[in-house]
Amino acid sequence: MNEKDRLLEQLKQFEMFVKSRIENEGFPIVQDDKSGDPIWIDMREVTLRYLISVKGIDRFFRGLRGGKVMATYCKVCDITYFPPQKDCPSCLTDNVEWKEIENEGFLLTFTVVFVRPYSFMHHSPYTVGIARFGDITITAWVRGDPKSLRPGQKVKLEVVKREPEGYLTYELVPV
Amino acid sequence: MREVAVIGVGTSQFGKRSDVQLVELAWESIREALKDSGVSQKDVDFVVTGNLGMWSSEPLPAVVISEYAGLNPTGTMKVEAACATGSAAVMVAYSAIQAGLADIAMAVGVEKMNESPLHNVVEFIGRAGNYFWEFQNFGLTFPAYYALHAVSYMAKFGITEEDLGLVAVKNHYYGSKNPKAQFQKPISIEEVLKSPYVAYPLKLYDCSPVTDGSSCVILASEDVVREYTDTPVWIRGIGTASDTANLSKRKEFWGLKAARVAAEQAYKMAGVHEPLGFFDVAEVHDCFTIAEIMAYEDLGFAKQGEGVELLKEEQTYIGGKIPVNLDGGLKAKGHPIGATGISMIAELTKQLQQRVEKDRQTDIINGNALAHNVGGTGHYAYVTVLSLNRR
Ligand SMILES: [Zn+2]
């Protein structure tokens with residue numbers, strides 16, 4: 001059982017407990033674990049899942065499908081944008097081009113996330129790094145044992161599948 | 001320019017407040033500030049509410065608070081600047097008075113983080129960067145953003161996890177002397193070092209807790225100040241700045257540029273040339289131990305890379321060059337997001353007026369104090385200069 005399954009099991013048991021409180025006491029009121037204060041358990045539940053437009057950066061996802069990580073570039077201003085953006089705020093135009101990222105970089109910093117957010121709890125602790133590639137800098141997971149990492153470490157970018165979700169993303173790989 | 005002063009402050013008990021709802025919690029500090037200032041609700045011309053929300057059930061905190069606290073029909077709004085929300089609320093209240101729209105304005109900050117389970121709080125606060133490019137794929141958390149800074153700082157300046165822990169030891173020491181702090185016990189460096197990792201290299205005791213709390217300040221124009229108090233605390237400088245949402249777009253990770261820019265502005269406005277020797281006391285944003293060390297440097301208390309020396313020499317304790325976070329800071333007093341910045345200003349007001357508990361009251365010599373409040377990971381920064389001396 002991973003951490004998320006354990007949590008879901010706990011939540012299921014808690015749900016049953018709340019139901020029994022409603023049946024026996026007439027209200028979804030339970031006692032706080034620590035203080036014993038009466039707490040009303042919210043009866044209205046929502047799932048947050050946003051619908052995020054990616055029309056302006058559609059090309060980025062086509063790039064990933066072809067194994068490439070792409071940035072946008074404004075020729076007029078000589079500025080590369082990563083994360084890619086469809087507008088150049090410097091010259092107030094949207095005449096940006098797409099370009100492939102120079103795939104030789106080095107790590108600026110990293111961390112290992114032990115206490116994970118709810119939506120990442122099914123993953124083992126993961127390493128997140130920030131690395132510089134030419135004139136841009138990229139945040140991504142770092143492959144391998146974090147104990148051997150140090151700022152300055154050479155890395156490259158690789159398109160990978162994020163499992164178990166199964167979608168394409170990119171990862172930093174020490175070289 | 002119309003001068004503005006703090007004429008009354010209030011702060012609730014910080015901690016896990018399962019005994020109160022959001023409005024009741026807000027009322028604790030509002031009531032204290034009303035009594036402290038002698039202002040009654042009908043005298044308040046404008047109310048600004050600071051609250052980040054998400055984890056708590058009321059989506060319109062300004063509205064429910066104003067009703068509960070008897071503040072209708074006075075105008076109100078909610079402001080958001082992540083963890084600097086409180087200072088942003090004070091700035092809006094200050095601006096309303098300075099512009100002549102109000103003579104008396106209230107800024108109240110409140111957060112009820114424990115209305116959601118911890119795993120949801122970690123989720124929500126982790127999203128406080130660039131949601132799509134940082135969180136969606138890479139699951140960054142709030143401690144992780146500061147851990148990225150800590151790894152970079154440690155590699156560049158050669159400090160250790162034990163050095164970081166000195167911040168926690170100091171702030172828990174002062175927290176133990178503040179009856180309103182979430183943590184009331186001093187801790188040892190050994191306890192810090194053996195606590196589990198949250199985001200390497202930051203451990204549990206390097207992190208501020210999840211906190212419920214509220215704080216309130218009442219501000220007045222120079223035209224009415226004397227009707228309420230003989231010891232107003234003047235707001236002499238405010239600086240505010242921002243930095244990129246994506247941390248990857250920053251040039252370096254051993255300081256917060258927004259904090260440096262905000263400090264420069266506030267110092268210029270208040271005529272501060274050399275902060276050491278000018279300020280009697282400071283509150284800095286120690287959401288994580290590394291943050292306090294970077295704050296010393298961003299505020300000019302120490303040269304870059306030398307912040308830890310101030311701790312080793314106990315220069316940020318009472319009796320040192322610049323006592324910092326004598327209420328326990330975010331680390332031990334707690335960090336109820338929307339209330340934090342206001343509680344800094346409430347604490348400094350009482351320090352300047354020599355009204356805090358005896359064993360954490362510092363000597364007031366120049367009558368100047370500094371608040372440094374950072375939102376997100378240096379996404380927002382607010383620096384406020386307070387003084388007993390009018391311009
Ligand atoms: Zn351009």
# chains A, B, ... in the order shown; residues from 1 in each chain; ligands from 1
>>> residues_around(residues="Val155 of chain A", least_positions_apart="5", cutoff="10 Å", atoms="only C-alpha atoms", output="VMD selection string")
chain A and resid 103 to 107 131 to 133 142 to 143 171 to 175
>>> select_by_dssp(residues="segment 29-175 of chain A", states="strand (DSSP E or B)", output="PyMOL selection string")
chain A and resi 29-31+38-40+70-74+79-81+88+93+97-100+105-113+126-133+136-142+154-162+167-174
>>> interface_residues(of="chain A", to="chain B", cutoff="6 Å", atoms="only C-alpha atoms", output="JSON, numbers by chain")
{"A": [37, 109, 110, 111, 112, 113, 114, 115, 117, 118, 137, 138, 139]}
>>> residues_around(residues="Gly50 of chain B", least_positions_apart="5", cutoff="8 Å", atoms="only C-alpha atoms", output="CSV table (one decimal) with C-alpha atoms, in the first residue's frame")
chain,number,residue,atom,x,y,z
B,78,LYS,CA,-10.0,41.6,0.2
B,79,VAL,CA,-6.3,41.7,-1.0
B,80,GLU,CA,-4.0,38.9,-1.9
B,85,THR,CA,-1.0,39.6,2.0
B,86,GLY,CA,-1.0,41.3,5.4
B,88,ALA,CA,-0.4,44.5,1.2
B,89,ALA,CA,-3.5,45.1,3.3
B,107,ALA,CA,-6.3,46.3,8.0
B,108,VAL,CA,-7.3,42.9,9.3
B,109,GLY,CA,-5.6,39.7,8.3
B,110,VAL,CA,-6.9,36.2,9.0
B,338,GLY,CA,-3.0,36.6,5.5
B,339,ALA,CA,-2.4,37.6,9.1
>>> select_by_dssp(residues="segment 286-388 of chain B", states="helix (DSSP H, G or I)", output="PyMOL selection string")
chain B and resi 289-298+307-312+329-332+337-352+358-360
>>> residues_near_ligand(ligand="ligand 1", cutoff="10 Å", atoms="only C-alpha atoms and all ligand atoms", output="PyMOL selection string")
chain A and resi 73-80+87-96
>>> closest_residue(among="B:Ala5, B:Val284, B:Ala332, B:Val23", to="Arg226 of chain B", atoms="only C-alpha atoms")
B:Ala5
>>> atom_distance(atom1="atom CA of Pro125 of chain A", atom2="atom CA of Arg162 of chain A")
14.4 Å
>>> atom_distance(atom1="atom CA of Asp243 of chain B", atom2="atom CA of Thr49 of chain B")
23.6 Å
>>> residues_around(residues="segment 178-193 of chain B", least_positions_apart="6", cutoff="9 Å", atoms="only C-alpha atoms", output="number ranges by chain")
B: 11-16, 161-162, 165-166, 168-172, 203-206, 209, 211, 326-329, 331-334, 356-357, 360
>>> closest_residue(among="A:Asp135, A:Arg65, A:Tyr81, A:Glu9", to="Glu158 of chain A", atoms="only C-alpha atoms")
A:Arg65
>>> residues_around(residues="Ile365 of chain B", least_positions_apart="6", cutoff="10 Å", atoms="only C-alpha atoms", output="ChimeraX atom specification")
/B:277-281,352
>>> closest_residue(among="A:Met1, A:Pro84, A:Leu8, A:Gly129", to="Phe61 of chain A", atoms="only C-alpha atoms")
A:Pro84
>>> closest_residue(among="A:Gly66, A:Phe27, A:Glu15, A:Glu102", to="Lys156 of chain A", atoms="only C-alpha atoms")
A:Glu102
>>> closest_residue(among="B:Val210, B:Val167, B:Val4, B:Cys83", to="Val308 of chain B", atoms="only C-alpha atoms")
B:Val167
